[in-house]
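Structure file entry.txt; described as compact mmCIF, C-alpha atoms.
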# COMPACT_ATOMS: atom_id res chain seq x y z
CA MET A 1 8.95 26.96 1.99
CA ALA A 2 12.06 28.80 0.92
CA ASP A 3 15.05 26.69 0.13
CA THR A 4 17.32 27.61 2.96
CA PRO A 5 20.48 25.71 3.77
CA SER A 6 18.67 24.22 6.72
CA SER A 7 15.79 22.95 4.61
CA SER A 8 18.08 21.56 1.96
CA HIS A 9 19.94 19.74 4.68
CA LEU A 10 16.64 18.30 5.87
CA ALA A 11 15.67 17.41 2.35
CA LYS A 12 18.74 15.22 2.11
CA GLN A 13 17.24 13.10 4.83
CA PHE A 14 14.56 11.99 2.34
CA SER A 15 17.16 10.24 0.25
CA GLY A 16 16.62 6.96 2.06
CA VAL A 17 12.84 7.00 1.80
CA PRO A 18 11.57 4.62 -0.92
CA LEU A 19 9.41 7.24 -2.63
CA LYS A 20 9.24 5.25 -5.85
CA ALA A 21 7.70 2.28 -4.13
CA LEU A 22 5.42 4.33 -1.90
CA MET A 23 3.92 6.39 -4.71
CA GLY A 24 4.32 4.01 -7.60
CA ALA A 25 2.70 0.95 -6.04
CA PRO A 26 -0.88 2.26 -5.91
CA LEU A 27 -0.56 3.68 -9.43
CA LYS A 28 0.79 0.42 -10.78
CA ALA A 29 -1.98 -1.56 -9.10
CA ALA A 30 -4.59 0.73 -10.66
CA SER A 31 -2.91 0.53 -14.03
CA ASP A 32 -2.82 -3.28 -13.85
CA ALA A 33 -6.50 -3.35 -12.92
CA ASN A 34 -7.30 -1.05 -15.83
CA GLY A 35 -5.31 -3.24 -18.18
CA MET A 36 -7.17 -6.30 -16.99
CA LEU A 37 -10.47 -4.51 -17.51
CA ALA A 38 -9.43 -3.42 -20.98
CA ARG A 39 -8.65 -7.02 -21.95
CA SER A 40 -12.00 -8.22 -20.54
CA GLN A 41 -13.72 -5.39 -22.38
CA THR A 42 -12.08 -6.34 -25.67
CA GLN A 43 -13.13 -9.94 -25.21
CA PHE A 44 -16.64 -8.81 -24.38
CA LEU A 45 -16.80 -6.60 -27.48
CA LEU A 46 -15.51 -9.30 -29.79
CA SER A 47 -17.66 -12.11 -28.41
CA THR A 48 -20.89 -10.20 -27.79
CA CYS A 49 -20.97 -7.33 -30.23
CA PHE A 50 -19.36 -8.97 -33.28
CA ASP A 51 -19.98 -12.08 -35.34
CA VAL A 52 -17.40 -13.97 -37.32
CA ASP A 53 -17.83 -13.32 -41.01
CA GLU A 54 -18.21 -16.74 -42.56
CA ASN A 55 -17.48 -15.47 -46.06
CA LYS A 56 -14.22 -13.77 -45.10
CA PRO A 57 -12.12 -15.74 -42.65
CA GLY A 58 -10.49 -13.51 -40.08
CA TYR A 59 -13.05 -10.76 -40.52
CA MET A 60 -15.71 -9.84 -38.01
CA ILE A 61 -18.93 -8.02 -38.62
CA PRO A 62 -20.79 -6.00 -36.01
CA ARG A 63 -23.95 -7.50 -34.61
CA MET A 64 -26.83 -5.21 -35.45
CA ILE A 65 -30.05 -4.72 -33.53
CA SER A 66 -33.24 -3.34 -34.90
CA PHE A 67 -35.18 -0.36 -33.61
CA THR A 68 -38.49 1.09 -34.65
CA LEU A 69 -38.68 4.79 -35.19
CA SER A 70 -42.11 6.34 -34.92
CA ARG A 71 -43.19 9.90 -35.43
CA GLN A 72 -46.42 11.72 -35.72
CA VAL A 73 -47.16 13.29 -39.07
CA LEU A 74 -49.75 15.93 -39.80
CA ALA A 75 -51.91 15.49 -42.82
CA SER A 76 -51.65 18.03 -45.60
CA ASP A 77 -54.69 19.94 -44.32
CA GLY A 78 -53.15 20.00 -40.83
CA SER A 79 -56.17 18.42 -39.22
CA HIS A 80 -55.23 14.84 -38.84
CA LYS A 81 -52.32 13.19 -37.06
CA THR A 82 -50.97 9.85 -38.15
CA THR A 83 -48.10 7.83 -36.78
CA GLU A 84 -45.52 6.66 -39.23
CA SER A 85 -43.10 3.95 -38.32
CA MET A 86 -39.92 2.74 -39.87
CA ASP A 87 -37.14 0.40 -38.88
CA PHE A 88 -33.50 1.19 -38.52
CA VAL A 89 -30.59 -0.80 -37.25
CA VAL A 90 -27.74 0.16 -34.97
CA PRO A 91 -24.73 -1.84 -33.93
CA LEU A 92 -25.11 -3.49 -30.57
CA MET A 93 -21.87 -1.91 -29.36
CA ALA A 94 -23.38 1.55 -29.89
CA ILE A 95 -25.79 1.09 -27.00
CA ILE A 96 -23.26 -0.31 -24.55
CA PRO A 97 -21.64 2.44 -22.42
CA ILE A 98 -18.17 0.98 -22.93
CA ASN A 99 -16.18 3.89 -21.54
CA SER A 100 -17.72 3.46 -18.08
CA LEU A 101 -15.65 0.32 -17.62
CA ALA A 102 -12.54 1.78 -16.12
CA ILE A 103 -11.20 3.20 -12.93
CA GLU A 104 -12.04 6.83 -13.47
CA THR A 105 -9.80 8.66 -11.08
CA LEU A 106 -7.09 7.61 -8.79
CA LYS A 107 -5.83 10.08 -6.26
CA VAL A 108 -2.77 9.29 -4.24
CA SER A 109 -1.97 11.89 -1.63
CA PHE A 110 1.39 11.55 -0.08
CA GLU A 111 2.49 13.79 2.74
CA MET A 112 5.76 13.71 4.59
CA ASP A 113 6.85 15.82 7.50
CA VAL A 114 10.40 15.93 8.69
CA LYS A 115 10.98 18.03 11.74
CA SER A 116 14.28 18.79 13.33
CA THR A 117 14.25 20.19 16.82
CA THR A 118 17.24 21.24 18.84
CA GLU A 119 16.97 22.20 22.46
CA TYR A 120 19.73 23.70 24.48
CA SER A 121 20.11 24.96 27.99
CA GLN A 122 23.08 26.72 29.35
CA GLU A 123 23.74 27.61 32.90
CA SER A 124 26.79 29.21 34.42
CA SER A 125 27.43 30.57 37.82
CA GLN A 126 30.32 32.43 39.13
CA SER A 127 30.95 33.61 42.62
CA HIS A 128 33.66 35.63 44.05
CA LYS A 129 34.57 36.33 47.58
CA ASP A 130 37.12 38.83 48.67
CA ALA A 131 37.96 39.57 52.20
CA SER A 132 40.55 41.59 53.91
CA ASP A 133 41.22 42.58 57.42
CA ASP A 134 43.79 44.68 59.00
CA ASP A 135 44.78 45.81 62.36
CA ILE A 136 45.91 49.31 62.53
CA SER A 137 47.62 49.84 65.80
CA ARG A 138 48.96 53.19 65.53
CA PRO A 139 48.88 54.96 68.88
CA TYR A 140 46.81 57.87 67.79
CA ARG A 141 44.33 56.02 65.66
CA GLY A 142 43.89 52.55 66.66
CA HIS A 143 41.11 50.36 65.31
CA GLN A 144 40.55 47.19 63.59
CA TYR A 145 38.59 46.66 60.43
CA SER A 146 37.59 43.90 58.28
CA THR A 147 35.79 43.91 54.95
CA GLU A 148 34.23 41.16 53.07
CA VAL A 149 32.80 41.37 49.61
CA HIS A 150 30.63 38.69 48.19
CA GLY A 151 29.69 38.61 44.64
CA SER A 152 27.91 36.08 42.51
CA LEU A 153 26.82 35.98 38.92
CA ARG A 154 24.48 33.46 37.59
CA THR A 155 23.35 33.25 34.01
CA SER A 156 21.09 30.76 32.40
CA GLY A 157 19.72 30.36 28.92
CA LYS A 158 17.28 28.04 27.37
CA GLY A 159 16.34 27.88 23.74
CA LYS A 160 14.72 25.81 21.13
CA THR A 161 15.24 25.91 17.39
CA SER A 162 13.16 23.90 15.03
CA SER A 163 12.92 23.58 11.31
CA ALA A 164 10.59 21.51 9.21
CA VAL A 165 10.23 20.38 5.66
CA ARG A 166 6.89 19.30 4.30
CA TYR A 167 6.42 17.45 1.05
CA VAL A 168 2.98 17.05 -0.43
CA ILE A 169 2.79 14.99 -3.56
CA GLU A 170 -0.50 14.50 -5.30
CA LEU A 171 -0.82 12.14 -8.20
CA THR A 172 -3.95 12.08 -10.26
CA ALA A 173 -4.49 9.50 -12.92
CA GLY A 174 -7.47 10.11 -15.12
CA GLN A 175 -9.37 7.90 -17.45
CA LEU A 176 -8.20 7.88 -21.01
CA PRO A 177 -10.80 8.53 -23.66
CA LEU A 178 -12.12 5.74 -25.82
CA PRO A 179 -9.61 4.26 -28.25
CA LYS A 180 -9.65 6.06 -31.57
CA GLY A 181 -10.66 2.89 -33.42
CA ILE A 182 -13.81 2.43 -31.39
CA THR A 183 -14.63 6.13 -31.57
CA THR A 184 -14.29 6.05 -35.35
CA ILE A 185 -16.50 2.98 -35.68
CA LEU A 186 -19.16 4.54 -33.45
CA ASP A 187 -18.90 7.80 -35.35
CA VAL A 188 -19.37 6.08 -38.69
CA PHE A 189 -22.38 4.22 -37.39
CA SER A 190 -23.88 7.37 -35.89
CA LYS A 191 -23.52 9.22 -39.18
CA ASN A 192 -25.20 6.42 -41.08
CA LEU A 193 -28.29 6.11 -39.01
CA THR A 194 -30.46 7.38 -41.82
CA PRO A 195 -33.82 5.67 -41.44
CA ILE A 196 -34.73 3.18 -44.11
CA PRO A 197 -38.44 2.55 -44.58
CA SER A 198 -39.42 -0.96 -43.75
CA LYS A 199 -40.71 -3.13 -46.59
CA THR A 200 -43.70 -4.28 -44.58
CA GLU A 201 -45.98 -1.83 -42.90
CA ASP A 202 -45.27 -1.91 -39.19
CA SER A 203 -48.29 -0.84 -37.22
CA GLN A 204 -46.77 -0.20 -33.81
CA MET B 205 -29.26 -4.21 -14.01
CA ASN B 206 -29.16 -0.44 -14.28
CA ILE B 207 -27.54 0.49 -17.56
CA GLN B 208 -27.98 4.02 -18.75
CA THR B 209 -27.03 4.63 -22.31
CA GLN B 210 -27.96 6.89 -25.19
CA ILE B 211 -28.73 6.53 -28.84
CA PRO B 212 -28.48 9.40 -31.32
CA CYS B 213 -31.84 10.31 -32.78
CA PRO B 214 -31.91 9.12 -36.41
CA ASP B 215 -33.70 12.29 -37.44
CA CYS B 216 -32.00 15.17 -35.61
CA GLY B 217 -28.98 13.53 -34.01
CA THR B 218 -29.84 14.58 -30.45
CA PRO B 219 -28.79 11.89 -27.99
CA ILE B 220 -31.83 10.06 -26.64
CA PRO B 221 -31.27 8.87 -23.05
CA VAL B 222 -32.19 5.21 -22.75
CA ASP B 223 -32.66 3.13 -19.64
CA GLY B 224 -31.48 -0.42 -20.20
CA ALA B 225 -34.16 -2.17 -18.18
CA MET B 226 -36.97 -0.15 -19.75
CA LEU B 227 -35.54 -0.69 -23.22
CA LEU B 228 -35.91 -4.45 -22.73
CA THR B 229 -39.56 -4.08 -21.80
CA GLY B 230 -40.31 -2.42 -25.14
CA THR B 231 -40.68 1.12 -23.83
CA ARG B 232 -40.55 3.92 -26.36
CA PHE B 233 -38.03 6.69 -25.78
CA SER B 234 -38.82 10.12 -27.14
CA CYS B 235 -36.25 12.46 -28.57
CA PRO B 236 -35.57 15.26 -26.04
CA ASN B 237 -35.40 17.82 -28.85
CA PRO B 238 -38.74 19.69 -28.66
CA GLN B 239 -38.68 20.30 -32.42
CA CYS B 240 -38.32 16.59 -33.15
CA HIS B 241 -41.24 14.32 -32.46
CA CYS B 242 -39.49 11.00 -32.93
CA ALA B 243 -39.62 8.05 -30.58
CA ILE B 244 -37.61 4.87 -30.73
CA ALA B 245 -38.19 1.40 -29.32
CA LEU B 246 -36.24 -1.82 -29.51
CA ASN B 247 -37.79 -4.45 -31.72
CA SER B 248 -39.04 -7.45 -29.82
CA ASN B 249 -37.02 -9.96 -31.84
CA ASP B 250 -33.72 -8.39 -30.67
CA ARG B 251 -34.57 -8.10 -27.00
CA GLN B 252 -32.86 -11.34 -26.03
CA VAL B 253 -29.62 -10.32 -27.79
CA VAL B 254 -29.57 -6.99 -25.96
CA ALA B 255 -30.50 -8.62 -22.64
CA ASN B 256 -27.54 -11.01 -22.93
CA ALA B 257 -25.19 -8.16 -23.80
CA PHE B 258 -26.42 -6.08 -20.87
CA GLU B 259 -26.04 -9.03 -18.53
CA GLN B 260 -22.42 -9.60 -19.53
CA PHE B 261 -21.70 -5.90 -19.40
CA SER B 262 -23.16 -5.71 -15.87
CA TYR B 263 -20.89 -8.52 -14.80
CA LEU B 264 -17.87 -6.66 -16.19
CA ARG B 265 -18.94 -3.46 -14.52
CA GLU B 266 -19.30 -5.19 -11.16
CA ARG B 267 -15.78 -6.49 -11.53
CA ALA B 268 -14.55 -2.98 -12.32
CA GLN B 269 -16.27 -1.58 -9.26
CA HIS B 270 -14.83 -4.34 -7.13
CA MET B 271 -11.33 -3.55 -8.40
CA ALA B 272 -11.79 0.18 -7.88
CA SER B 273 -12.97 -0.29 -4.30
CA GLY B 274 -9.94 -2.46 -3.59
CA HIS B 275 -7.54 0.48 -4.03
As C-alpha cells, the full file:
Amino acid sequence: MADTPSSSHLAKQFSGVPLKALMGAPLKAASDANGMLARSQTQFLLSTCFDVDENKPGYMIPRMISFTLSRQVLASDGSHKTTESMDFVVPLMAIIPINSLAIETLKVSFEMDVKSTTEYSQESSQSHKDASDDDISRPYRGHQYSTEVHGSLRTSGKGKTSSAVRYVIELTAGQLPLPKGITTILDVFSKNLTPIPSKTEDSQ
Amino acid sequence: MNIQTQIPCPDCGTPIPVDGAMLLTGTRFSCPNPQCHCAIALNSNDRQVVANAFEQFSYLRERAQHMASGH
C-alpha cells in the first residue's frame, strides 16, 4: 500500500497497540523453552555420555562404546570369500541425535487491519412559488389574469469513503546449528575412526 | 523408542543410517556405499549403556515435543 497521508494517519492509530508484547511473548516463550532444553541436554550429555576422569580432577572423558566392523574379503585367487572382523570404538555422544532436541521452527503470524469508513448523506430542497394577478379594466381590453409559477429543486447525495491499512508481520525463528564445541568434538571423533584390529579373533 | 541416528562408516566415511531399536538387538547395518562392503554392529557388552542413553534421550525428546506443542 502506498504511503498516502490517509494511510499514515491511520498508521498513527497503531501507536497504542502493544506490538512488543503481542509479538514478543510467543518468541520469548519459545526461547525460554529452548534454553530449558539446552540445559537439560547439557546435563544429559555430561551425565550419560561422559565419565569423570579420576586421574585428573575436573576433567571428563567421553564414554566410548564398541562396535564390530565386518567386511567380506576375497582371497588372492578371487575364488573364496571370507569375513574379516575388527573392533572399533566411537563415543556414545556420536550416536545420539543431539540436534533434534530443540524447537525447530516457530512461526508467528500477526495481522492487523484498521479500516476507516466515512459515510455522508446530503439532502437539500428548495422550492419557490411566485404568483401574480392583475385586473386590467381598461374599457377596450378588459380581462383578468393570474399566473402562478411553482418551482422546486431537490438534490441529494450519498457517499462512502473508506481507507484501510493492513500490517502483516511474520517472524520466523529457526534452530541454531550445533554448538561449535560439540561439532568439533564430533568431527575429531569422526576423523579418528580408523579401525584397529582386535587382539583376539572375533568370529562374528 | 524410535531413535534414528547415523554413524560414519570407518572405511569410506559414508553415513550409515542406524535404527536405535534394531541397534540394541544386535542387528548389523551395512554401509550404503555400493563400493564399500562394510557392516557394523554394536557389541553386546555395550548394549545396556546405549539402551540407558537412548531411554534418557527419549525422555528429553518427549519433553521437547511437549513444549513445542504448547506454543
Select residues of chain B: the criterion is any atom within 10 Å of an atom of chain A, counting all atoms listed in the file; output as a ChimeraX atom specification.
/B:207-215,217,222,224,232-234,240-251,253-254,256-258,260-262,264-269,271-275
Got time to write the residues from that selection, C-alpha atoms, as an mmCIF file, in the frame of the given file?
data_model
loop_
_atom_site.group_PDB
_atom_site.id
_atom_site.type_symbol
_atom_site.label_atom_id
_atom_site.label_comp_id
_atom_site.auth_asym_id
_atom_site.auth_seq_id
_atom_site.Cartn_x
_atom_site.Cartn_y
_atom_site.Cartn_z
ATOM 1 C CA ILE B 207 -27.540 0.490 -17.560
ATOM 2 C CA GLN B 208 -27.980 4.020 -18.750
ATOM 3 C CA THR B 209 -27.030 4.630 -22.310
ATOM 4 C CA GLN B 210 -27.960 6.890 -25.190
ATOM 5 C CA ILE B 211 -28.730 6.530 -28.840
ATOM 6 C CA PRO B 212 -28.480 9.400 -31.320
ATOM 7 C CA CYS B 213 -31.840 10.310 -32.780
ATOM 8 C CA PRO B 214 -31.910 9.120 -36.410
ATOM 9 C CA ASP B 215 -33.700 12.290 -37.440
ATOM 10 C CA GLY B 217 -28.980 13.530 -34.010
ATOM 11 C CA VAL B 222 -32.190 5.210 -22.750
ATOM 12 C CA GLY B 224 -31.480 -0.420 -20.200
ATOM 13 C CA ARG B 232 -40.550 3.920 -26.360
ATOM 14 C CA PHE B 233 -38.030 6.690 -25.780
ATOM 15 C CA SER B 234 -38.820 10.120 -27.140
ATOM 16 C CA CYS B 240 -38.320 16.590 -33.150
ATOM 17 C CA HIS B 241 -41.240 14.320 -32.460
ATOM 18 C CA CYS B 242 -39.490 11.000 -32.930
ATOM 19 C CA ALA B 243 -39.620 8.050 -30.580
ATOM 20 C CA ILE B 244 -37.610 4.870 -30.730
ATOM 21 C CA ALA B 245 -38.190 1.400 -29.320
ATOM 22 C CA LEU B 246 -36.240 -1.820 -29.510
ATOM 23 C CA ASN B 247 -37.790 -4.450 -31.720
ATOM 24 C CA SER B 248 -39.040 -7.450 -29.820
ATOM 25 C CA ASN B 249 -37.020 -9.960 -31.840
ATOM 26 C CA ASP B 250 -33.720 -8.390 -30.670
ATOM 27 C CA ARG B 251 -34.570 -8.100 -27.000
ATOM 28 C CA VAL B 253 -29.620 -10.320 -27.790
ATOM 29 C CA VAL B 254 -29.570 -6.990 -25.960
ATOM 30 C CA ASN B 256 -27.540 -11.010 -22.930
ATOM 31 C CA ALA B 257 -25.190 -8.160 -23.800
ATOM 32 C CA PHE B 258 -26.420 -6.080 -20.870
ATOM 33 C CA GLN B 260 -22.420 -9.600 -19.530
ATOM 34 C CA PHE B 261 -21.700 -5.900 -19.400
ATOM 35 C CA SER B 262 -23.160 -5.710 -15.870
ATOM 36 C CA LEU B 264 -17.870 -6.660 -16.190
ATOM 37 C CA ARG B 265 -18.940 -3.460 -14.520
ATOM 38 C CA GLU B 266 -19.300 -5.190 -11.160
ATOM 39 C CA ARG B 267 -15.780 -6.490 -11.530
ATOM 40 C CA ALA B 268 -14.550 -2.980 -12.320
ATOM 41 C CA GLN B 269 -16.270 -1.580 -9.260
ATOM 42 C CA MET B 271 -11.330 -3.550 -8.400
ATOM 43 C CA ALA B 272 -11.790 0.180 -7.880
ATOM 44 C CA SER B 273 -12.970 -0.290 -4.300
ATOM 45 C CA GLY B 274 -9.940 -2.460 -3.590
ATOM 46 C CA HIS B 275 -7.540 0.480 -4.030
#
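With only C-alpha atoms as the basis for measurement, A:Glu111 is the residue among A:Gly35, A:Asp77, A:Glu111, A:Lys129 that approaches Leu19 (chain A) most closely.
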Neighbouring residues of Asn237 (chain B) were defined as those with any atom within 9 Å, considering only C-alpha atoms; residues of the same chain fewer than 5 positions away were excluded. Please report them as a list of chain:residue names.
B:Cys216, B:Thr218, B:Pro219, B:Ile220, B:Cys242
Please indicate the distance in Å from CA of Pro62 (chain A) to CA of Leu46 (chain A), rounded to one decimal place.
8.8 Å
Between CA of Asp130 (chain A) and CA of Val149 (chain A), distance in Å (one decimal):
5.1 Å
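Take CA of Ile185 (chain A) and CA of Phe50 (chain A): the distance between them is 12.5 Å.
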